Structure formats: structure tokens, C-alpha cells
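Source file: start13.txt (compact mmCIF, C-alpha atoms)
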# COMPACT_ATOMS: atom_id res chain seq x y z
CA MET A 1 55.21 50.22 -2.89
CA GLY A 2 54.10 53.81 -3.58
CA ASN A 3 57.72 54.85 -4.13
CA VAL A 4 58.76 58.04 -5.86
CA SER A 5 60.84 57.80 -9.03
CA SER A 6 64.60 57.53 -8.67
CA ALA A 7 65.13 60.94 -10.25
CA ASP A 8 63.06 62.66 -7.52
CA ALA A 9 64.43 60.58 -4.65
CA PHE A 10 66.29 62.40 -1.89
CA VAL A 11 66.71 59.35 0.35
CA GLU A 12 67.01 55.99 -1.35
CA PHE A 13 67.46 52.43 -0.14
CA GLU A 14 68.12 50.01 -2.98
CA ARG A 15 68.03 46.27 -2.28
CA VAL A 16 69.37 46.87 1.23
CA GLN A 17 69.94 43.93 3.54
CA LYS A 18 71.33 43.76 7.05
CA SER A 19 72.53 40.77 9.00
CA TYR A 20 74.45 40.80 12.28
CA ASP A 21 75.46 37.13 12.27
CA GLY A 22 75.73 36.35 8.56
CA GLU A 23 72.59 34.20 8.71
CA THR A 24 69.53 35.99 10.01
CA LEU A 25 68.42 39.01 7.97
CA VAL A 26 67.12 41.84 10.15
CA VAL A 27 66.33 43.85 7.01
CA LYS A 28 65.45 41.95 3.82
CA ASP A 29 65.87 43.33 0.30
CA LEU A 30 64.56 46.76 1.22
CA ASN A 31 63.68 49.28 -1.50
CA LEU A 32 62.49 52.70 -0.42
CA SER A 33 62.67 56.15 -1.95
CA MET A 34 61.42 59.43 -0.53
CA PRO A 35 61.40 62.96 -1.96
CA LYS A 36 62.92 66.04 -0.36
CA GLY A 37 60.72 67.67 2.27
CA GLU A 38 58.74 64.54 3.15
CA PHE A 39 57.94 63.39 6.68
CA LEU A 40 58.23 59.62 6.52
CA THR A 41 57.62 57.38 9.52
CA MET A 42 58.97 53.87 9.89
CA LEU A 43 56.43 52.07 12.03
CA GLY A 44 56.46 48.54 13.34
CA PRO A 45 56.79 46.26 16.36
CA SER A 46 60.11 45.73 18.18
CA GLY A 47 62.60 43.80 16.07
CA SER A 48 60.87 44.60 12.77
CA GLY A 49 63.95 46.32 11.29
CA LYS A 50 62.84 49.97 11.45
CA THR A 51 65.56 51.23 13.83
CA THR A 52 68.23 49.26 11.96
CA CYS A 53 67.19 51.11 8.76
CA LEU A 54 67.47 54.44 10.55
CA MET A 55 70.91 53.54 11.93
CA MET A 56 72.14 52.54 8.46
CA LEU A 57 70.93 55.89 7.11
CA ALA A 58 72.71 57.70 9.97
CA GLY A 59 75.90 55.71 9.39
CA PHE A 60 76.03 53.97 12.79
CA GLU A 61 75.34 50.64 11.08
CA THR A 62 76.62 49.36 7.72
CA ALA A 63 74.41 47.63 5.18
CA THR A 64 75.42 44.02 4.53
CA HIS A 65 74.18 44.37 0.95
CA GLY A 66 72.68 47.08 -1.27
CA GLU A 67 73.05 50.84 -1.60
CA ILE A 68 71.86 53.80 0.45
CA ARG A 69 71.85 57.16 -1.33
CA LEU A 70 71.30 60.69 -0.05
CA ASP A 71 70.57 63.36 -2.64
CA GLY A 72 71.89 61.08 -5.41
CA ARG A 73 75.17 60.29 -3.63
CA GLU A 74 75.99 56.85 -2.29
CA ILE A 75 76.69 57.22 1.44
CA ASN A 76 77.52 53.64 2.49
CA ASN A 77 81.17 54.57 3.16
CA ILE A 78 80.71 58.13 4.42
CA PRO A 79 81.17 58.45 8.22
CA PRO A 80 78.15 59.70 10.25
CA HIS A 81 79.55 63.18 11.03
CA LYS A 82 80.09 63.90 7.31
CA ARG A 83 76.55 63.04 6.21
CA GLY A 84 75.04 66.36 7.35
CA ILE A 85 72.20 64.59 9.14
CA GLY A 86 70.49 65.84 12.33
CA MET A 87 69.63 63.19 14.92
CA VAL A 88 67.13 63.12 17.80
CA PHE A 89 67.02 60.13 20.18
CA GLN A 90 64.67 59.10 22.98
CA ASN A 91 67.33 59.62 25.65
CA TYR A 92 68.12 63.22 24.54
CA ALA A 93 71.94 62.58 24.67
CA LEU A 94 72.65 66.16 25.84
CA PHE A 95 76.03 66.98 27.38
CA PRO A 96 75.29 67.45 31.12
CA HIS A 97 78.35 69.66 31.79
CA MET A 98 77.37 72.17 29.10
CA THR A 99 74.66 74.84 29.17
CA VAL A 100 71.78 74.63 26.70
CA ALA A 101 73.44 77.24 24.45
CA GLU A 102 76.77 75.35 24.56
CA ASN A 103 75.00 72.10 23.69
CA LEU A 104 73.52 73.80 20.63
CA ALA A 105 76.79 75.48 19.66
CA PHE A 106 78.70 72.18 19.75
CA PRO A 107 77.60 70.81 16.32
CA LEU A 108 78.42 74.27 14.86
CA GLU A 109 81.94 74.31 16.37
CA VAL A 110 82.61 70.85 14.93
CA ARG A 111 81.64 72.29 11.54
CA LYS A 112 84.07 75.24 12.03
CA ILE A 113 81.32 77.89 11.95
CA SER A 114 82.40 81.36 13.16
CA LYS A 115 81.43 82.59 16.64
CA THR A 116 79.09 85.31 15.31
CA ASP A 117 77.24 82.87 13.06
CA ARG A 118 77.13 80.34 15.90
CA GLU A 119 75.41 82.79 18.23
CA ALA A 120 72.84 83.76 15.59
CA LYS A 121 72.08 80.12 14.76
CA VAL A 122 71.78 79.08 18.44
CA LYS A 123 69.42 82.00 19.08
CA ARG A 124 67.29 81.03 16.08
CA ALA A 125 67.19 77.35 17.06
CA LEU A 126 66.12 78.17 20.63
CA ASN A 127 63.40 80.40 19.26
CA MET A 128 62.16 77.59 16.98
CA VAL A 129 61.42 75.40 20.00
CA GLN A 130 60.20 78.26 22.27
CA MET A 131 63.21 78.00 24.60
CA ASP A 132 64.62 81.55 24.16
CA ASP A 133 65.18 82.14 27.89
CA PHE A 134 66.85 78.81 28.67
CA GLY A 135 70.25 79.21 26.99
CA ALA A 136 72.19 79.55 30.27
CA ARG A 137 70.62 76.54 32.01
CA ARG A 138 72.09 73.07 32.22
CA PRO A 139 70.15 69.95 31.12
CA ALA A 140 69.68 68.82 34.77
CA GLN A 141 67.69 72.03 35.43
CA LEU A 142 65.18 71.21 32.69
CA SER A 143 62.09 68.99 32.62
CA GLY A 144 61.96 65.99 30.26
CA GLY A 145 59.88 67.94 27.76
CA GLN A 146 62.31 70.88 27.84
CA GLN A 147 65.30 68.56 27.36
CA GLN A 148 63.59 67.02 24.36
CA ARG A 149 63.04 70.49 22.85
CA VAL A 150 66.75 71.25 23.29
CA ALA A 151 67.66 67.92 21.65
CA LEU A 152 65.36 68.88 18.78
CA ALA A 153 66.92 72.35 18.49
CA ARG A 154 70.41 70.81 18.49
CA ALA A 155 69.44 68.53 15.59
CA LEU A 156 68.15 71.53 13.60
CA VAL A 157 70.78 74.15 14.52
CA PHE A 158 73.20 73.46 11.64
CA ASP A 159 70.42 73.46 8.96
CA PRO A 160 70.66 69.75 8.09
CA THR A 161 69.03 68.54 4.90
CA LEU A 162 67.77 65.45 6.69
CA VAL A 163 66.67 64.87 10.31
CA LEU A 164 66.37 61.37 11.79
CA MET A 165 64.29 60.80 14.90
CA ASP A 166 64.27 57.53 16.85
CA GLU A 167 61.32 57.28 19.28
CA PRO A 168 62.03 60.88 20.36
CA LEU A 169 58.85 61.24 22.43
CA GLY A 170 58.96 57.82 24.08
CA ALA A 171 59.89 59.10 27.54
CA LEU A 172 57.22 61.83 27.72
CA ASP A 173 53.78 61.57 29.31
CA LYS A 174 50.75 61.26 27.05
CA GLN A 175 49.63 64.90 27.04
CA LEU A 176 53.09 66.33 26.48
CA ARG A 177 53.80 63.68 23.88
CA GLU A 178 50.71 64.68 21.87
CA HIS A 179 51.61 68.36 22.17
CA MET A 180 55.15 67.66 20.90
CA GLN A 181 53.81 65.62 17.98
CA TYR A 182 52.07 68.73 16.67
CA GLU A 183 55.10 70.92 17.37
CA ILE A 184 57.43 68.63 15.39
CA LYS A 185 54.88 68.46 12.59
CA HIS A 186 54.68 72.27 12.45
CA LEU A 187 58.48 72.61 12.53
CA HIS A 188 58.66 70.20 9.61
CA GLU A 189 56.10 72.21 7.65
CA ASN A 190 57.68 75.60 8.44
CA LEU A 191 61.29 74.60 7.76
CA GLY A 192 60.67 72.29 4.81
CA ILE A 193 63.12 69.73 6.21
CA THR A 194 63.10 66.04 5.31
CA VAL A 195 62.33 63.82 8.31
CA VAL A 196 62.63 60.08 8.85
CA TYR A 197 60.91 59.19 12.12
CA VAL A 198 60.88 55.83 13.89
CA THR A 199 58.11 54.79 16.29
CA HIS A 200 56.09 51.76 17.37
CA ASP A 201 53.15 54.05 18.25
CA GLN A 202 50.62 53.89 15.43
CA SER A 203 48.60 56.98 16.46
CA GLU A 204 51.84 59.00 16.49
CA ALA A 205 52.65 57.76 12.97
CA LEU A 206 49.15 58.62 11.70
CA THR A 207 49.21 62.10 13.29
CA MET A 208 52.59 63.26 12.00
CA SER A 209 53.48 61.64 8.71
CA ASP A 210 53.08 62.33 5.01
CA ARG A 211 53.68 58.63 4.46
CA VAL A 212 54.18 55.65 6.75
CA ALA A 213 56.27 52.55 6.03
CA VAL A 214 54.86 49.66 8.07
CA PHE A 215 57.63 47.20 8.92
CA ASN A 216 57.31 43.60 9.98
CA ASP A 217 59.97 40.92 9.99
CA GLY A 218 62.52 43.10 8.14
CA VAL A 219 60.15 43.87 5.26
CA ILE A 220 58.01 46.91 4.42
CA GLN A 221 54.47 45.53 4.41
CA GLN A 222 52.93 48.73 3.05
CA LEU A 223 54.12 52.26 2.31
CA ALA A 224 51.32 54.80 2.01
CA PRO A 225 49.75 57.99 3.43
CA PRO A 226 48.10 57.47 6.85
CA ASP A 227 44.50 57.45 5.57
CA ASP A 228 45.37 54.82 2.95
CA LEU A 229 46.95 52.54 5.54
CA TYR A 230 43.91 52.76 7.75
CA GLU A 231 41.17 52.62 5.12
CA ARG A 232 42.93 50.39 2.57
CA PRO A 233 45.33 47.98 4.30
CA HIS A 234 47.05 45.63 1.83
CA ASN A 235 47.26 42.67 4.18
CA SER A 236 46.16 41.31 7.54
CA PHE A 237 49.28 42.47 9.37
CA VAL A 238 48.70 46.13 8.39
CA ALA A 239 44.97 45.89 9.13
CA GLN A 240 45.73 44.54 12.61
CA PHE A 241 48.64 46.85 13.39
CA ILE A 242 47.00 50.13 12.39
CA GLY A 243 43.91 51.03 14.39
CA GLU A 244 41.27 48.67 15.70
CA ASN A 245 40.12 45.96 13.35
CA ASN A 246 37.51 43.21 13.36
CA LYS A 247 38.61 39.98 11.71
CA LEU A 248 36.31 37.20 10.60
CA PRO A 249 37.84 34.01 9.12
CA GLY A 250 35.97 32.42 6.23
CA THR A 251 36.25 30.52 2.95
CA VAL A 252 35.96 31.99 -0.56
CA LYS A 253 32.86 30.73 -2.35
CA GLY A 254 32.94 32.76 -5.55
CA ARG A 255 33.78 36.08 -7.15
CA SER A 256 32.08 38.67 -9.33
CA GLY A 257 34.38 41.54 -10.35
CA ASP A 258 36.00 43.11 -7.29
CA ILE A 259 33.55 41.50 -4.89
CA ILE A 260 34.07 38.04 -3.46
CA HIS A 261 31.54 35.88 -1.68
CA VAL A 262 32.69 34.36 1.58
CA GLU A 263 31.19 31.72 3.83
CA PHE A 264 31.85 31.98 7.56
CA ASN A 265 32.32 29.10 9.98
CA ASP A 266 28.69 29.44 11.12
CA GLY A 267 27.44 28.86 7.55
CA GLU A 268 26.42 32.49 6.95
CA HIS A 269 27.64 34.43 3.94
CA CYS A 270 29.22 37.83 3.34
CA GLN A 271 30.28 39.95 0.37
CA ALA A 272 33.62 41.71 0.58
CA LEU A 273 36.15 43.62 -1.50
CA ALA A 274 38.82 41.29 -2.91
CA VAL A 275 42.16 42.77 -1.84
CA GLN A 276 44.36 39.68 -1.78
CA ALA A 277 43.88 37.42 -4.78
CA VAL A 278 42.25 34.31 -3.39
CA SER A 279 40.49 31.62 -5.37
CA GLU A 280 37.45 29.55 -4.60
CA GLY A 281 37.77 27.18 -1.65
CA GLU A 282 40.69 29.07 -0.13
CA PRO A 283 40.70 30.58 3.37
CA THR A 284 40.51 34.36 3.77
CA LEU A 285 40.22 36.87 6.58
CA ILE A 286 37.56 39.57 6.38
CA SER A 287 38.67 42.86 7.92
CA ILE A 288 36.08 45.48 9.02
CA ARG A 289 36.79 48.67 10.94
CA PRO A 290 34.57 49.11 14.06
CA GLU A 291 33.20 52.48 12.91
CA ARG A 292 32.05 50.98 9.58
CA VAL A 293 29.54 48.70 11.30
CA SER A 294 25.94 49.89 11.67
CA VAL A 295 23.73 48.65 14.49
CA GLY A 296 20.01 47.94 14.25
CA ARG A 297 19.92 48.00 10.42
CA ASP A 298 19.25 45.06 8.16
CA ASP A 299 19.15 46.95 4.84
CA LEU A 300 22.90 46.70 4.16
CA THR A 301 24.58 44.14 1.83
CA ASN A 302 25.87 42.23 4.83
CA SER A 303 23.52 41.89 7.75
CA THR A 304 23.53 39.42 10.62
CA ASP A 305 22.48 38.79 14.21
CA ALA A 306 24.76 39.99 16.98
CA ARG A 307 24.67 39.60 20.75
CA VAL A 308 25.86 42.48 22.94
CA LEU A 309 28.53 41.24 25.38
CA GLU A 310 30.01 44.44 26.84
CA LEU A 311 29.49 48.20 26.71
CA ILE A 312 32.27 50.63 27.65
CA TYR A 313 31.65 54.35 27.89
CA LEU A 314 34.58 56.31 26.41
CA GLY A 315 33.25 59.86 26.32
CA ASP A 316 32.90 60.62 22.63
CA HIS A 317 31.82 57.06 21.79
CA ILE A 318 30.63 53.82 23.32
CA ARG A 319 32.72 50.74 22.61
CA CYS A 320 30.46 47.79 22.18
CA ARG A 321 31.84 44.24 22.17
CA MET A 322 29.59 41.73 20.43
CA ASP A 323 29.43 38.15 19.32
CA VAL A 324 29.22 38.17 15.51
CA HIS A 325 29.63 35.02 13.38
CA GLY A 326 31.14 33.23 16.38
CA ASN A 327 33.74 35.98 17.04
CA ASP A 328 33.17 37.26 20.58
CA GLN A 329 35.73 40.07 20.17
CA PHE A 330 33.79 41.93 17.45
CA ILE A 331 33.92 45.66 18.27
CA VAL A 332 31.46 48.35 17.20
CA LYS A 333 31.95 52.04 17.98
CA LEU A 334 28.72 53.89 18.63
CA PRO A 335 29.07 57.69 18.48
CA ASN A 336 27.85 59.23 21.71
CA GLY A 337 25.19 61.61 20.39
CA ALA A 338 22.88 61.11 23.35
CA ALA A 339 23.31 60.15 26.98
CA LYS A 340 21.26 56.96 26.66
CA VAL A 341 22.92 53.92 25.10
CA PRO A 342 20.46 52.29 22.68
CA LEU A 343 21.70 48.81 23.62
CA SER A 344 22.02 46.70 26.76
CA VAL A 345 24.29 43.77 27.61
CA GLY A 346 22.83 40.41 26.61
CA GLU A 347 20.54 41.95 23.99
CA LEU A 348 20.27 40.43 20.51
CA THR A 349 20.41 42.99 17.69
CA LYS A 350 21.23 43.29 13.99
CA VAL A 351 24.56 44.57 12.67
CA GLY A 352 25.45 45.29 9.07
CA TRP A 353 28.13 46.74 6.81
CA ALA A 354 28.63 47.59 3.15
CA ALA A 355 30.51 45.11 0.93
CA GLU A 356 33.24 47.67 0.12
CA ASP A 357 33.89 48.26 3.87
CA ALA A 358 34.80 44.60 4.31
CA ARG A 359 38.23 43.70 2.92
CA ALA A 360 39.16 40.12 2.08
CA LEU A 361 42.80 39.69 3.16
CA ASP A 362 45.33 36.91 3.66
CA PRO A 363 44.48 34.45 6.46
CA LEU A 364 46.61 35.02 9.58
Produce C-alpha cells that represent the structure in this file.
Amino acid sequence: MGNVSSADAFVEFERVQKSYDGETLVVKDLNLSMPKGEFLTMLGPSGSGKTTCLMMLAGFETATHGEIRLDGREINNIPPHKRGIGMVFQNYALFPHMTVAENLAFPLEVRKISKTDREAKVKRALNMVQMDDFGARRPAQLSGGQQQRVALARALVFDPTLVLMDEPLGALDKQLREHMQYEIKHLHENLGITVVYVTHDQSEALTMSDRVAVFNDGVIQQLAPPDDLYERPHNSFVAQFIGENNKLPGTVKGRSGDIIHVEFNDGEHCQALAVQAVSEGEPTLISIRPERVSVGRDDLTNSTDARVLELIYLGDHIRCRMDVHGNDQFIVKLPNGAAKVPLSVGELTKVGWAAEDARALDPL
């Protein structure tokens, strides 16, 4: 799973399961360990178990089975407010009747920190999120982005060892959301805090994380750095969930070393990297990223005819939908180096890709 050793683990889930009704497991036999200072994102569709894991770590949910440890200490029975964890939610959860400064001072008062220290810490936290002049305002006088900064500052104000974030940027518009992604990433780098972040937005996960745990159906499908997930997905679910992906169903015809030979439904053949162990005669799914496909070349290991069905201009590239091996949703990204598109709709052309850029995965 790409886990760190138990000795280096700061956050650890060991054989954790969660069921709400005693029958259905929302989280199944989960093992996960992360070192101090890491930014780990739990990514997956709704209902995949990622938020439940976060809530168990925070203490708002209890594991049905297994152990959760923080810095070597089992925390299953420790109440949330004694875990020393900072939390940021999508809905900000700021106290409307308090000023920004009072909102930030609240977690410090609960921890019995002196007034002088409180003021210094509030000032520092406001400065961290570039909100120095907003201490006297109330949440209702702030924009959504400003409220989210205050929520972030409040989670950091008492110097927690761990910060949990559940879809914190979900309510923001695209531009502000992207800006905040970089800000949170920089805060993480500058403060050296450990962050567990939950999102269903794959580009957000790729932008911010040291590692991403891809959840589906209560199970971590793959845990790896962002580039690994994208370039080297372990299975069809990860390949489909992260980035755009072309999938071509076929049957295994033979194998030599790491390369397997596949026959498509139209009788044509392809060579691909064997990722999932499949034997001769078994179905497989070939996964190819759109930017790995070359157009107009027939000198690559895999080369075939393709018909252009649609061209969409997207500024930095042209998205070309083609019919390849009977799949009419085959996407190729053509970098926009010149104003003129070298292809036209309806045209027949050649497409090709290297064997190692095609991954043979489990059939969906």
C-alpha cells in the first residue's frame, strides 16, 4: 500500500472497520500509516468511506473494529477535544455572535491559555492567513473566502499536531478555490503540520498532496504520490477516477516478460504493460492517457486507424474525440502549438502509442 513503517507512523489505522447497522461495512479492514508532516488526501466518490475515516480520526465516530493511533497512542477512547486536533469543515462553523478574534481565541480559552498568550497566538494566526485587519469583524461581514480563512486560522491557532480538513473549499468558486489550494499547501510547508484532507475533487487532491489514498467502497484502492496515481494506476477504478482515461476492452493472447499481447473486439492486436496478473484467454481493460496518444504516426508499437468524430478547442490544447477499435469515446489531447488544427471532423487518420503507455488492468 506504500505505507510507512509502524515506528515512523504518526497517524495509524490498523484493521479499522466501521458499520452503522451491524451489517454493512462503510469502512473495511483499513490499514493506513502516515508520517509526521505529511499532507495526505483521502479521495473518492460519495459514500466511499473517506469522511467516515476522518470522523473516526477526529473522534466524532467510533471504529466498530480495529485501532486508531496518534503519535503511538491509541485514541479510540479519547474524546475529540482531548486529541489536540485542528478541524476545518466546508460550512466554516464559525460562531456568528463572536468577532473574528473571539472566534480564534475560543479554542485557546478552552485550553486555559493565558490572555497575553492568547492575544499573541490570535495575532499570529490572523497573519498566517493574511487577515490581520479583520479581528474586530463578525463572520456575517466577511465573504465566503474570508470566512474560510478564519476557519483555517482557528484550526491552526492552538498549534495542533494534526489538522483535519473535510471538503474545506467546497463552497468557494473555482478561482478562489484554486487560490486557496495553494495557500493551504504553502501553510502546510511553512508550518510543518500534518494534514489529512478529504475531497472528491481529483485535481484538488493532485495539486495539494504528498500522497493520496483513493477510496472506493470502503477500501483504499491505491495509496501513492499524485504522479504515481496518474501515471501508474493499479486498477481500472483508479485509472478512471484520476484524470481522463481511454479504456479499450480486449482479451489476453499471450505474454512475454512485462508485456502482454491483447486482441480487441475488432480483431486488431495491441501490446501493453501487464499491471494486473491476467492469463491467456482472460478479459482485460487497456488504459491509455489521452496525452500519450500520437496522431498521424504509424511507427509506434501500437498503431491503428482512427476516425475523427469531434474537435473541441480548449485554449492550450484541442480535445479530439475519435473512434478507435470500436470505442467512439477515445480522447486525444493535441497541444495547441499553432492556430490551425491539423485534423478535421470525419477524417480518417492514424493513432499510435508505446506499449509501456498502455496498461492492462482488471476488466470493469
Write out as CSV a residue-level contact list of stretch 145-199 of chain A versus stretch 38-50 of chain A with cut-off 9 Å: for each qualifying residue the closest pair of atoms and the distance in Å to one decimal, counting all atoms listed in the file, rows sorted by chain and residue number upward.
residue,atom,partner,partner_atom,distance
A:Lys185,CA,A:Phe39,CA,8.4
A:His188,CA,A:Phe39,CA,7.4
A:Gly192,CA,A:Glu38,CA,8.2
A:Ile193,CA,A:Glu38,CA,7.4
A:Thr194,CA,A:Glu38,CA,5.1
A:Val195,CA,A:Phe39,CA,4.7
A:Val196,CA,A:Leu40,CA,5.0
A:Tyr197,CA,A:Thr41,CA,4.6
A:Val198,CA,A:Met42,CA,4.8
A:Thr199,CA,A:Leu43,CA,5.3
Show me, as a ChimeraX atom specification, the residues that have an atom within 12 Å of A:Phe95 when counting all atoms listed in the file, minus same-chain residues fewer than 2 positions from it.
/A:91-93,97-107,137-140,147,150-151,154
All residues 9 Å or closer to A:Leu57, all atoms listed in the file, same chain fewer than 5 positions away omitted, as a PyMOL selection string:
chain A and resi 11+13+52+62+68-70+75-76+80+164
For stretch 170-188 of chain A, what centre and edge lengths in Å (one decimal) does the axis-aligned box get once 8 Å is added on each side of all its listed atoms, as AutoDock Vina command-line options?
--center_x 54.8 --center_y 65.2 --center_z 19.5 --size_x 26.3 --size_y 30.8 --size_z 35.7
Please measure the separation of atom CA of A:Arg292 and atom CA of A:Asp357, giving the value in Å to one decimal.
6.6 Å
Atom-to-atom span, atom CA of A:Glu244 and atom CA of A:Arg321, Å:
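Computing the Euclidean distance for atom CA of A:Glu244 and atom CA of A:Arg321 yields 12.3 Å.
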If you measure from atom CA of A:Ala224 to atom CA of A:Asp8, what distance in Å do you get, rounded to one decimal?
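Distance reported for this atom pair: 17.0 Å.
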Restricting the calculation to all atoms listed in the file: of A:Lys350, A:Ala239, A:Ala9, A:Asp166, which residue gets closest to A:Leu54?
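Using all atoms listed in the file, A:Leu54 sits closest to A:Asp166.
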Which residues come within 12 Å of A:Gly267, counting all atoms listed in the file, excluding same-chain residues fewer than 6 positions away, as a VMD selection string?
chain A and resid 249 to 251 253 304 325 to 326
File of the preceding selection, C-alpha atoms, as a JSON list (two decimals), in the coordinates of the input:
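And here's result.json as it stands now:
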[["chain", "number", "residue", "atom", "x", "y", "z"],
["A", 249, "PRO", "CA", 37.84, 34.01, 9.12],
["A", 250, "GLY", "CA", 35.97, 32.42, 6.23],
["A", 251, "THR", "CA", 36.25, 30.52, 2.95],
["A", 253, "LYS", "CA", 32.86, 30.73, -2.35],
["A", 304, "THR", "CA", 23.53, 39.42, 10.62],
["A", 325, "HIS", "CA", 29.63, 35.02, 13.38],
["A", 326, "GLY", "CA", 31.14, 33.23, 16.38]]
Would you pick out the contacts of stretch 15-30 of chain A at 7 Å or less, using all atoms listed in the file, so that residues sharing its chain but fewer than 2 positions from it are not included, and give the list as a list in words?
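Once the adjacent positions are removed, what remains is Phe13, Leu32, Gly49, Ala63, Thr64, His65, Gly66, Glu67, Gly218 and Val219 of chain A.
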Would you please work out which residue, of A:Thr349, A:Thr284, A:Asn235, A:Thr116, is nearest to A:Asn216 when using all atoms listed in the file?
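Between A:Thr349, A:Thr284, A:Asn235, A:Thr116, the residue approaching A:Asn216 most closely is A:Asn235.
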Leaving out A:Gln329 and any residue of its chain fewer than 2 positions from it, which residues lie within 9 Å of it when counting all atoms listed in the file, given as a list of chain:residue names?
A:Asn246, A:Lys247, A:Leu309, A:Arg321, A:Met322, A:Asp323, A:Val324, A:Asn327, A:Ile331
Which is closer to A:Ser344 than all the others in A:Asp71, A:Glu310, A:Glu263, A:Asp201, using all atoms listed in the file?
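That would be A:Glu310, the residue with the smallest distance to A:Ser344.
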